[in-house]
file work.txt (compact mmCIF, C-alpha atoms)
# COMPACT_ATOMS: atom_id res chain seq x y z
CA MET A 1 4.88 6.59 -18.25
CA SER A 2 8.60 6.45 -17.75
CA SER A 3 10.14 4.13 -15.21
CA VAL A 4 13.77 4.87 -15.86
CA LEU A 5 16.32 4.47 -13.12
CA HIS A 6 18.98 6.93 -14.19
CA PRO A 7 22.53 7.21 -12.86
CA ALA A 8 23.72 10.73 -12.19
CA GLY A 9 27.37 10.39 -13.13
CA PRO A 10 30.19 12.81 -12.34
CA GLY A 11 29.56 16.25 -13.78
CA ARG A 12 26.06 15.32 -14.92
CA ASP A 13 22.97 17.31 -14.02
CA PRO A 14 20.18 14.75 -13.40
CA MET A 15 17.55 17.39 -14.17
CA ALA A 16 19.01 18.35 -17.53
CA ALA A 17 17.40 15.57 -19.59
CA GLY A 18 13.89 16.23 -18.30
CA GLN A 19 11.97 16.26 -15.04
CA TYR A 20 14.43 14.07 -13.19
CA ARG A 21 14.21 14.07 -9.40
CA PRO A 22 17.41 13.16 -7.54
CA ILE A 23 16.60 10.59 -4.86
CA SER A 24 20.16 9.82 -3.76
CA SER A 25 23.73 10.75 -4.59
CA HIS A 26 23.69 8.47 -7.64
CA LEU A 27 20.06 7.94 -8.64
CA ALA A 28 17.37 10.10 -10.24
CA ILE A 29 13.87 9.28 -11.46
CA THR A 30 11.27 10.84 -13.72
CA PRO A 31 7.97 9.51 -12.26
CA PRO A 32 6.35 11.87 -9.72
CA VAL A 33 5.74 10.23 -6.34
CA SER A 34 2.62 10.85 -4.25
CA VAL A 35 2.50 9.92 -0.56
CA VAL A 36 -0.94 9.22 0.93
CA ILE A 37 -1.35 9.62 4.70
CA PRO A 38 -4.76 8.76 6.23
CA ALA A 39 -5.10 10.58 9.55
CA MET A 40 -7.65 11.16 12.27
CA ASN A 41 -6.52 13.10 15.34
CA GLU A 42 -2.82 12.51 14.71
CA ALA A 43 -1.57 16.08 15.27
CA GLU A 44 1.02 14.95 17.85
CA ASN A 45 2.42 12.27 15.56
CA LEU A 46 2.62 14.19 12.29
CA PRO A 47 5.90 16.00 13.15
CA TYR A 48 7.59 12.60 13.42
CA VAL A 49 6.00 11.43 10.16
CA PHE A 50 6.83 14.48 8.06
CA LYS A 51 10.41 14.90 9.26
CA THR A 52 11.39 11.56 7.67
CA LEU A 53 9.70 12.18 4.30
CA PRO A 54 12.27 12.83 1.53
CA ASP A 55 12.18 16.28 -0.07
CA TRP A 56 12.04 14.88 -3.62
CA ILE A 57 8.43 13.73 -3.16
CA HIS A 58 6.07 15.25 -5.71
CA GLU A 59 3.14 15.64 -3.30
CA VAL A 60 1.77 14.63 0.09
CA VAL A 61 -1.95 13.85 0.25
CA LEU A 62 -3.37 13.95 3.78
CA VAL A 63 -6.80 12.35 4.11
CA ASP A 64 -8.42 13.86 7.19
CA GLY A 65 -11.03 11.77 8.96
CA ASN A 66 -12.80 14.73 10.61
CA SER A 67 -10.03 15.40 13.11
CA THR A 68 -10.71 17.67 16.08
CA ASP A 69 -7.15 18.12 17.37
CA GLY A 70 -5.70 20.41 14.70
CA THR A 71 -4.31 17.64 12.49
CA VAL A 72 -4.91 19.62 9.30
CA GLU A 73 -3.35 22.81 10.65
CA VAL A 74 -0.25 20.94 11.85
CA ALA A 75 0.11 19.22 8.48
CA ARG A 76 -0.05 22.52 6.60
CA GLU A 77 2.53 24.04 8.90
CA LEU A 78 4.91 21.11 8.49
CA TRP A 79 4.43 20.68 4.72
CA PRO A 80 3.04 23.92 3.24
CA GLY A 81 2.16 22.30 -0.09
CA VAL A 82 0.25 19.39 1.45
CA LYS A 83 -2.98 18.45 -0.35
CA VAL A 84 -5.68 17.98 2.27
CA VAL A 85 -8.71 15.85 1.37
CA GLY A 86 -11.66 15.47 3.71
CA GLN A 87 -12.90 11.92 4.26
CA LEU A 88 -16.64 11.56 3.79
CA GLY A 89 -16.89 7.92 4.83
CA LYS A 90 -15.31 5.96 7.67
CA GLY A 91 -12.47 3.47 8.01
CA LYS A 92 -8.90 3.16 6.82
CA GLY A 93 -9.87 1.55 3.54
CA ASP A 94 -12.25 4.36 2.73
CA ALA A 95 -9.57 6.93 3.62
CA LEU A 96 -6.98 5.29 1.38
CA ILE A 97 -9.35 5.01 -1.57
CA THR A 98 -10.19 8.70 -1.14
CA GLY A 99 -6.49 9.55 -1.04
CA PHE A 100 -5.64 7.46 -4.10
CA GLU A 101 -8.28 9.29 -6.13
CA ALA A 102 -6.71 12.63 -5.18
CA CYS A 103 -3.16 11.65 -6.20
CA SER A 104 -1.58 13.07 -9.33
CA GLY A 105 1.69 11.10 -9.16
CA ASP A 106 2.57 8.02 -11.21
CA ILE A 107 3.80 6.27 -8.08
CA ILE A 108 1.69 6.13 -4.91
CA VAL A 109 3.10 5.37 -1.46
CA MET A 110 0.93 4.51 1.57
CA VAL A 111 2.22 5.76 4.93
CA ASP A 112 0.51 5.56 8.33
CA ALA A 113 0.15 8.73 10.39
CA ASP A 114 1.09 7.26 13.78
CA GLY A 115 4.87 7.60 13.41
CA SER A 116 5.44 3.85 13.07
CA ALA A 117 6.82 4.08 9.52
CA ASP A 118 10.18 5.54 8.52
CA GLY A 119 9.83 7.78 5.47
CA ASN A 120 13.49 7.23 4.66
CA GLU A 121 12.50 3.75 3.46
CA ILE A 122 10.46 5.22 0.59
CA VAL A 123 13.57 5.25 -1.59
CA SER A 124 13.69 1.44 -1.40
CA TYR A 125 10.08 1.14 -2.51
CA VAL A 126 10.53 3.57 -5.39
CA CYS A 127 13.72 1.86 -6.55
CA ALA A 128 11.87 -1.47 -6.68
CA LEU A 129 9.12 0.05 -8.81
CA VAL A 130 11.34 1.85 -11.30
CA SER A 131 13.37 -1.35 -11.60
CA GLY A 132 10.38 -3.33 -12.84
CA ALA A 133 7.99 -4.16 -10.01
CA ASP A 134 4.32 -3.19 -10.19
CA PHE A 135 3.71 -3.36 -6.44
CA ALA A 136 6.33 -2.85 -3.70
CA LYS A 137 5.03 -4.51 -0.56
CA GLY A 138 6.50 -3.68 2.82
CA SER A 139 7.35 -6.65 5.03
CA ARG A 140 8.29 -6.65 8.69
CA PHE A 141 9.36 -10.29 8.44
CA ALA A 142 11.51 -10.24 5.33
CA ASN A 143 15.25 -10.35 5.93
CA GLY A 144 16.19 -6.89 7.24
CA GLY A 145 12.70 -5.98 8.45
CA GLY A 146 11.34 -5.88 11.99
CA THR A 147 8.60 -4.66 14.30
CA ASP A 148 8.40 -3.08 17.74
CA ASP A 149 4.62 -2.97 17.74
CA MET A 150 3.21 -6.50 17.45
CA THR A 151 2.11 -8.73 20.29
CA PHE A 152 2.67 -12.48 20.11
CA ILE A 153 -1.02 -13.02 19.31
CA ARG A 154 -0.95 -10.53 16.44
CA LYS A 155 2.23 -12.09 15.03
CA LEU A 156 0.66 -15.54 15.22
CA GLY A 157 -2.54 -14.34 13.54
CA ASN A 158 -0.65 -12.51 10.82
CA ARG A 159 1.49 -15.58 10.12
CA ALA A 160 -1.56 -17.86 9.91
CA LEU A 161 -3.49 -15.54 7.60
CA CYS A 162 -0.40 -15.03 5.47
CA ALA A 163 -0.01 -18.80 5.09
CA VAL A 164 -3.63 -19.12 3.96
CA VAL A 165 -3.22 -16.41 1.33
CA ASN A 166 0.01 -17.94 0.05
CA ARG A 167 -1.58 -21.35 -0.28
CA LYS A 168 -4.90 -20.29 -1.76
CA PHE A 169 -3.66 -17.64 -4.17
CA GLY A 170 -0.15 -18.79 -5.02
CA ALA A 171 1.54 -15.84 -3.31
CA ARG A 172 4.89 -15.92 -1.52
CA TYR A 173 4.38 -13.23 1.10
CA THR A 174 6.24 -13.06 4.40
CA ASP A 175 3.86 -10.43 5.80
CA LEU A 176 0.19 -9.77 5.10
CA CYS A 177 -1.38 -7.12 7.32
CA TYR A 178 1.02 -4.21 6.87
CA GLY A 179 0.11 -0.79 5.52
CA TYR A 180 3.44 0.47 4.19
CA ASN A 181 3.25 -0.21 0.45
CA ALA A 182 3.89 1.52 -2.87
CA PHE A 183 2.67 0.90 -6.40
CA TRP A 184 2.26 2.33 -9.88
CA ARG A 185 -0.98 4.26 -10.27
CA HIS A 186 -2.14 1.97 -13.11
CA CYS A 187 -2.45 -0.88 -10.60
CA LEU A 188 -5.61 0.71 -9.19
CA ASP A 189 -7.45 -0.11 -12.42
CA LYS A 190 -6.67 -3.80 -11.94
CA ILE A 191 -7.40 -4.29 -8.23
CA ASP A 192 -10.64 -2.27 -7.91
CA LEU A 193 -10.63 -1.62 -4.14
CA ASP A 194 -14.04 -1.81 -2.48
CA CYS A 195 -13.63 -2.21 1.29
CA THR A 196 -13.55 0.36 4.08
CA GLY A 197 -11.63 -1.07 7.04
CA PHE A 198 -8.14 -2.24 8.03
CA GLU A 199 -8.63 -5.28 5.79
CA VAL A 200 -7.93 -3.08 2.76
CA GLU A 201 -4.24 -4.00 2.95
CA THR A 202 -5.02 -7.71 2.71
CA LEU A 203 -7.43 -7.09 -0.15
CA MET A 204 -4.74 -5.20 -2.06
CA ASN A 205 -2.20 -7.98 -1.49
CA ILE A 206 -4.60 -10.63 -2.75
CA ARG A 207 -5.82 -8.73 -5.79
CA VAL A 208 -2.38 -7.76 -7.06
CA VAL A 209 -1.57 -11.50 -7.14
CA LYS A 210 -4.87 -12.35 -8.82
CA ALA A 211 -4.19 -9.64 -11.41
CA GLY A 212 -0.79 -11.14 -12.22
CA LEU A 213 1.12 -8.03 -11.16
CA LYS A 214 4.80 -8.26 -10.31
CA VAL A 215 5.28 -7.91 -6.54
CA GLN A 216 8.53 -7.24 -4.72
CA GLU A 217 8.72 -7.32 -0.93
CA ILE A 218 10.66 -4.51 0.77
CA PRO A 219 12.14 -5.12 4.25
CA SER A 220 10.63 -2.53 6.58
CA HIS A 221 10.88 -1.75 10.28
CA GLU A 222 7.70 -0.88 12.14
CA TYR A 223 8.19 1.35 15.17
CA LEU A 224 5.87 1.89 18.12
CA ARG A 225 3.05 4.38 17.75
CA ILE A 226 4.38 7.56 19.35
CA HIS A 227 1.22 9.15 20.75
CA GLY A 228 -2.35 7.97 21.18
CA ALA A 229 -3.95 4.55 20.83
CA SER A 230 -4.50 2.51 17.70
CA ASN A 231 -8.01 1.78 16.43
CA LEU A 232 -6.86 -1.70 15.42
CA ARG A 233 -8.54 -4.56 17.29
CA ALA A 234 -6.77 -7.88 16.78
CA VAL A 235 -9.77 -10.25 16.97
CA ARG A 236 -12.33 -8.01 15.27
CA ASP A 237 -10.06 -6.96 12.43
CA GLY A 238 -8.53 -10.42 12.12
CA LEU A 239 -12.01 -11.82 11.45
CA ARG A 240 -12.62 -9.11 8.86
CA VAL A 241 -9.36 -10.06 7.14
CA LEU A 242 -10.41 -13.72 7.13
CA ARG A 243 -13.77 -12.84 5.58
CA VAL A 244 -11.97 -10.94 2.82
CA ILE A 245 -9.75 -13.95 2.11
CA LEU A 246 -12.73 -16.30 1.94
CA ALA A 247 -14.71 -13.91 -0.26
CA GLU A 248 -11.82 -13.46 -2.68
CA ARG A 249 -11.34 -17.23 -2.82
CA SER A 250 -15.04 -17.69 -3.64
CA ASN A 251 -14.83 -15.03 -6.34
CA ARG A 252 -11.83 -16.76 -7.84
CA ARG A 253 -13.73 -20.04 -8.05
CA ALA A 254 -16.73 -18.31 -9.61
CA LEU A 255 -14.53 -16.74 -12.27
CA ARG A 256 -13.03 -20.12 -13.07
CA ARG A 257 -16.50 -21.64 -13.45
CA GLN A 258 -17.53 -18.83 -15.75
CA ALA A 259 -14.40 -19.32 -17.85
CA ARG A 260 -15.07 -23.08 -18.14
CA GLN A 261 -18.68 -22.47 -19.09
CA ALA A 262 -17.64 -19.95 -21.72
CA ARG A 263 -15.17 -22.43 -23.23
CA MET A 264 -17.83 -25.16 -23.31
CA LEU A 265 -20.31 -22.79 -24.97
CA ASP A 266 -17.75 -21.83 -27.60
CA SER A 267 -17.05 -25.51 -28.23
CA VAL A 268 -20.76 -26.29 -28.70
CA ARG A 269 -21.20 -23.32 -31.04
CA GLY A 270 -18.22 -24.51 -33.05
CA GLU A 271 -19.70 -27.99 -33.45
CA LEU A 272 -23.09 -26.60 -34.52
CA SER A 273 -21.66 -24.19 -37.07

call {"tool": "encode", "arguments": {"input": "work.txt", "output": "structure tokens"}}
result
Amino acid sequence: MSSVLHPAGPGRDPMAAGQYRPISSHLAITPPVSVVIPAMNEAENLPYVFKTLPDWIHEVVLVDGNSTDGTVEVARELWPGVKVVGQLGKGKGDALITGFEACSGDIIVMVDADGSADGNEIVSYVCALVSGADFAKGSRFANGGGTDDMTFIRKLGNRALCAVVNRKFGARYTDLCYGYNAFWRHCLDKIDLDCTGFEVETLMNIRVVKAGLKVQEIPSHEYLRIHGASNLRAVRDGLRVLRVILAERSNRRALRRQARQARMLDSVRGELS
């Protein structure tokens, strides 16, 4: 897998040396980029989502959660080459896992279908990855980021949960529950996602740290949902996030115990031999 950030100098064709994709006036990359968009009844919002996606993207994977408002038809009209995958299960986590499996790109970007994310920011995520990061994590609270769509209670909860993760897992996040992220495809083998709801984002953030992957935060601005109502419920989903944190902490302790026991067993075997 190539992760070369290549300058396209004066008089130079960035495509000449291979499958380079120009992403700005002075940068070109070789890795194909897949964008995963989980959607359920988001037909009114998709025009705002697709119009900001850069044209150098390799593919768009729309995971349809059994929409009844023409979401799939609108997506195909807006992006004729879109890859549509039907979701068999339920929940955002299940939709993302389904989408990841359908991706063919080396880089995968997660984008919400409600119009709250600006696709023009994808270039920042991709640049971080081709410059050496394994996981580019969007942050609304990093310098340069922002949000128009969080109540005081949600901000307080996010900050508290973020502090717990930082302390328990040695992370240095400024934002925890945000779904605008990008990563190299090989990361999926190391984080082994296995949850179905909104807490999938927290699970990813924890497991990339536990796996020792290099994380770079990307300042991102979250806009208001344009049409419709969010399925997010602050208390319910906050408790699910907390359960994930506690479960991952317990798993970490169990792994440490197993490692200590293995070392002790090896020591005993060495003394007996």

call {"tool": "atom_distance", "arguments": {"input": "work.txt", "atom1": "atom CA of Val241 of chain A", "atom2": "atom CA of Glu121 of chain A"}}
result
26.1 Å

call {"tool": "closest_residue", "arguments": {"input": "work.txt", "among": "A:Met204, A:Ala160, A:Ala211, A:Val33", "to": "Gly105 of chain A", "atoms": "all atoms listed in the file"}}
result
A:Val33

call {"tool": "residues_around", "arguments": {"input": "work.txt", "residues": "Ala39 of chain A", "least_positions_apart": "2", "cutoff": "7 Å", "atoms": "only C-alpha atoms", "output": "list of chain:residue names"}}
result
A:Ile37, A:Asn41, A:Glu42, A:Leu62, A:Val63, A:Asp64, A:Gly65, A:Ala113

call {"tool": "closest_residue", "arguments": {"input": "work.txt", "among": "A:Ile29, A:Ile97, A:Val35, A:Val74", "to": "Ile122 of chain A", "atoms": "all atoms listed in the file"}}
result
A:Val35

call {"tool": "residues_around", "arguments": {"input": "work.txt", "residues": "Tyr178 of chain A", "least_positions_apart": "6", "cutoff": "10 Å", "atoms": "only C-alpha atoms", "output": "list of chain:residue names"}}
result
A:Asp112, A:Lys137, A:Gly138, A:Ser139, A:Arg140, A:Asn158, A:Phe198, A:Glu199, A:Val200, A:Glu201, A:Thr202, A:Asn205, A:Ser220, A:Glu222

call {"tool": "write_last_selection", "arguments": {"input": "work.txt", "atoms": "C-alpha atoms", "output": "JSON list (two decimals), in the frame of the given file"}}
result
[["chain", "number", "residue", "atom", "x", "y", "z"],
["A", 112, "ASP", "CA", 0.51, 5.56, 8.33],
["A", 137, "LYS", "CA", 5.03, -4.51, -0.56],
["A", 138, "GLY", "CA", 6.50, -3.68, 2.82],
["A", 139, "SER", "CA", 7.35, -6.65, 5.03],
["A", 140, "ARG", "CA", 8.29, -6.65, 8.69],
["A", 158, "ASN", "CA", -0.65, -12.51, 10.82],
["A", 198, "PHE", "CA", -8.14, -2.24, 8.03],
["A", 199, "GLU", "CA", -8.63, -5.28, 5.79],
["A", 200, "VAL", "CA", -7.93, -3.08, 2.76],
["A", 201, "GLU", "CA", -4.24, -4.00, 2.95],
["A", 202, "THR", "CA", -5.02, -7.71, 2.71],
["A", 205, "ASN", "CA", -2.20, -7.98, -1.49],
["A", 220, "SER", "CA", 10.63, -2.53, 6.58],
["A", 222, "GLU", "CA", 7.70, -0.88, 12.14]]

call {"tool": "atom_distance", "arguments": {"input": "work.txt", "atom1": "atom CA of Cys103 of chain A", "atom2": "atom CA of Pro31 of chain A"}}
result
12.9 Å

call {"tool": "atom_distance", "arguments": {"input": "work.txt", "atom1": "atom CA of Leu224 of chain A", "atom2": "atom CA of Val209 of chain A"}}
result
29.5 Å

call {"tool": "closest_residue", "arguments": {"input": "work.txt", "among": "A:Asp189, A:Glu59, A:Glu248, A:Asp114", "to": "Val84 of chain A", "atoms": "only C-alpha atoms"}}
result
A:Glu59

call {"tool": "closest_residue", "arguments": {"input": "work.txt", "among": "A:Arg76, A:Lys210, A:Arg243, A:Lys83", "to": "Asn166 of chain A", "atoms": "only C-alpha atoms"}}
result
A:Lys210

call {"tool": "closest_residue", "arguments": {"input": "work.txt", "among": "A:Leu246, A:Ala142, A:Leu213, A:Val61", "to": "Tyr173 of chain A", "atoms": "all atoms listed in the file"}}
result
A:Ala142

call {"tool": "closest_residue", "arguments": {"input": "work.txt", "among": "A:Ala128, A:Ile191, A:Val164, A:Ala28", "to": "Val215 of chain A", "atoms": "all atoms listed in the file"}}
result
A:Ala128

call {"tool": "residues_around", "arguments": {"input": "work.txt", "residues": "Met40 of chain A", "least_positions_apart": "2", "cutoff": "12 Å", "atoms": "only C-alpha atoms", "output": "PyMOL selection string"}}
result
chain A and resi 37-38+42-46+62-72+75+85-87+90-92+95+112-114+228-231

call {"tool": "residues_around", "arguments": {"input": "work.txt", "residues": "Ile107 of chain A", "least_positions_apart": "5", "cutoff": "9 Å", "atoms": "only C-alpha atoms", "output": "short mmCIF file (atom, residue, chain, number, x, y, z; two decimals) with C-alpha atoms, in the frame of the given file"}}
result
data_model
loop_
_atom_site.label_atom_id
_atom_site.label_comp_id
_atom_site.auth_asym_id
_atom_site.auth_seq_id
_atom_site.Cartn_x
_atom_site.Cartn_y
_atom_site.Cartn_z
CA PRO A 31 7.97 9.51 -12.26
CA PRO A 32 6.35 11.87 -9.72
CA VAL A 33 5.74 10.23 -6.34
CA SER A 34 2.62 10.85 -4.25
CA VAL A 35 2.50 9.92 -0.56
CA VAL A 126 10.53 3.57 -5.39
CA LEU A 129 9.12 0.05 -8.81
CA ALA A 182 3.89 1.52 -2.87
CA PHE A 183 2.67 0.90 -6.40
CA TRP A 184 2.26 2.33 -9.88
CA ARG A 185 -0.98 4.26 -10.27
CA HIS A 186 -2.14 1.97 -13.11
#

call {"tool": "decode", "arguments": {"input": "work.txt", "residues": "segment 128-139 of chain A", "atoms": "all heavy atoms", "output": "PDB file, in the first residue's frame"}}
result
ATOM      1  N   ALA A 128      -3.627  13.828   6.549  1.00  0.00           N
ATOM      2  CA  ALA A 128      -3.093  13.306   7.806  1.00  0.00           C
ATOM      3  C   ALA A 128      -2.702  11.846   7.669  1.00  0.00           C
ATOM      4  O   ALA A 128      -1.656  11.408   8.186  1.00  0.00           O
ATOM      5  CB  ALA A 128      -4.122  13.478   8.924  1.00  0.00           C
ATOM      6  N   LEU A 129      -3.509  11.083   6.960  1.00  0.00           N
ATOM      7  CA  LEU A 129      -3.236   9.656   6.794  1.00  0.00           C
ATOM      8  C   LEU A 129      -2.021   9.404   5.909  1.00  0.00           C
ATOM      9  O   LEU A 129      -1.146   8.599   6.244  1.00  0.00           O
ATOM     10  CB  LEU A 129      -4.464   8.942   6.223  1.00  0.00           C
ATOM     11  CG  LEU A 129      -5.700   8.920   7.134  1.00  0.00           C
ATOM     12  CD1 LEU A 129      -6.891   8.311   6.407  1.00  0.00           C
ATOM     13  CD2 LEU A 129      -5.414   8.150   8.418  1.00  0.00           C
ATOM     14  N   VAL A 130      -1.958  10.078   4.777  1.00  0.00           N
ATOM     15  CA  VAL A 130      -0.823   9.834   3.875  1.00  0.00           C
ATOM     16  C   VAL A 130       0.468  10.434   4.445  1.00  0.00           C
ATOM     17  O   VAL A 130       1.563  10.118   3.966  1.00  0.00           O
ATOM     18  CB  VAL A 130      -1.085  10.379   2.452  1.00  0.00           C
ATOM     19  CG1 VAL A 130      -2.265   9.683   1.824  1.00  0.00           C
ATOM     20  CG2 VAL A 130      -1.284  11.894   2.460  1.00  0.00           C
ATOM     21  N   SER A 131       0.346  11.252   5.472  1.00  0.00           N
ATOM     22  CA  SER A 131       1.528  11.818   6.114  1.00  0.00           C
ATOM     23  C   SER A 131       2.014  10.969   7.283  1.00  0.00           C
ATOM     24  O   SER A 131       2.993  11.334   7.942  1.00  0.00           O
ATOM     25  CB  SER A 131       1.242  13.241   6.601  1.00  0.00           C
ATOM     26  OG  SER A 131       0.966  14.095   5.509  1.00  0.00           O
ATOM     27  N   GLY A 132       1.312   9.871   7.583  1.00  0.00           N
ATOM     28  CA  GLY A 132       1.818   8.967   8.612  1.00  0.00           C
ATOM     29  C   GLY A 132       0.836   8.499   9.655  1.00  0.00           C
ATOM     30  O   GLY A 132       1.131   7.563  10.400  1.00  0.00           O
ATOM     31  N   ALA A 133      -0.324   9.122   9.765  1.00  0.00           N
ATOM     32  CA  ALA A 133      -1.299   8.686  10.770  1.00  0.00           C
ATOM     33  C   ALA A 133      -2.008   7.412  10.312  1.00  0.00           C
ATOM     34  O   ALA A 133      -2.149   7.154   9.121  1.00  0.00           O
ATOM     35  CB  ALA A 133      -2.318   9.789  11.028  1.00  0.00           C
ATOM     36  N   ASP A 134      -2.431   6.611  11.289  1.00  0.00           N
ATOM     37  CA  ASP A 134      -3.249   5.429  10.992  1.00  0.00           C
ATOM     38  C   ASP A 134      -4.730   5.776  11.024  1.00  0.00           C
ATOM     39  O   ASP A 134      -5.516   5.252  10.246  1.00  0.00           O
ATOM     40  CB  ASP A 134      -2.984   4.322  12.026  1.00  0.00           C
ATOM     41  CG  ASP A 134      -1.573   3.801  11.994  1.00  0.00           C
ATOM     42  OD1 ASP A 134      -1.136   3.367  10.912  1.00  0.00           O
ATOM     43  OD2 ASP A 134      -0.903   3.842  13.043  1.00  0.00           O
ATOM     44  N   PHE A 135      -5.089   6.669  11.936  1.00  0.00           N
ATOM     45  CA  PHE A 135      -6.488   7.020  12.185  1.00  0.00           C
ATOM     46  C   PHE A 135      -6.593   8.533  12.303  1.00  0.00           C
ATOM     47  O   PHE A 135      -5.916   9.148  13.135  1.00  0.00           O
ATOM     48  CB  PHE A 135      -6.952   6.350  13.482  1.00  0.00           C
ATOM     49  CG  PHE A 135      -8.435   6.420  13.732  1.00  0.00           C
ATOM     50  CD1 PHE A 135      -9.294   5.473  13.198  1.00  0.00           C
ATOM     51  CD2 PHE A 135      -8.977   7.421  14.523  1.00  0.00           C
ATOM     52  CE1 PHE A 135     -10.663   5.522  13.447  1.00  0.00           C
ATOM     53  CE2 PHE A 135     -10.340   7.482  14.768  1.00  0.00           C
ATOM     54  CZ  PHE A 135     -11.187   6.524  14.227  1.00  0.00           C
ATOM     55  N   ALA A 136      -7.395   9.165  11.446  1.00  0.00           N
ATOM     56  CA  ALA A 136      -7.622  10.608  11.491  1.00  0.00           C
ATOM     57  C   ALA A 136      -8.982  10.834  12.138  1.00  0.00           C
ATOM     58  O   ALA A 136     -10.013  10.493  11.552  1.00  0.00           O
ATOM     59  CB  ALA A 136      -7.578  11.208  10.090  1.00  0.00           C
ATOM     60  N   LYS A 137      -8.962  11.397  13.332  1.00  0.00           N
ATOM     61  CA  LYS A 137     -10.174  11.520  14.143  1.00  0.00           C
ATOM     62  C   LYS A 137     -10.690  12.958  14.143  1.00  0.00           C
ATOM     63  O   LYS A 137      -9.993  13.875  14.558  1.00  0.00           O
ATOM     64  CB  LYS A 137      -9.863  11.095  15.576  1.00  0.00           C
ATOM     65  CG  LYS A 137     -11.063  11.154  16.495  1.00  0.00           C
ATOM     66  CD  LYS A 137     -10.643  10.973  17.925  1.00  0.00           C
ATOM     67  CE  LYS A 137     -11.855  11.110  18.831  1.00  0.00           C
ATOM     68  NZ  LYS A 137     -12.612  12.359  18.571  1.00  0.00           N
ATOM     69  N   GLY A 138     -11.897  13.136  13.660  1.00  0.00           N
ATOM     70  CA  GLY A 138     -12.486  14.466  13.668  1.00  0.00           C
ATOM     71  C   GLY A 138     -12.754  14.952  15.083  1.00  0.00           C
ATOM     72  O   GLY A 138     -13.128  14.169  15.956  1.00  0.00           O
ATOM     73  N   SER A 139     -12.536  16.242  15.316  1.00  0.00           N
ATOM     74  CA  SER A 139     -12.800  16.817  16.632  1.00  0.00           C
ATOM     75  C   SER A 139     -13.459  18.184  16.485  1.00  0.00           C
ATOM     76  O   SER A 139     -12.929  19.069  15.820  1.00  0.00           O
ATOM     77  CB  SER A 139     -11.506  16.961  17.436  1.00  0.00           C
ATOM     78  OG  SER A 139     -11.759  17.671  18.646  1.00  0.00           O
TER      79      SER A 139
END
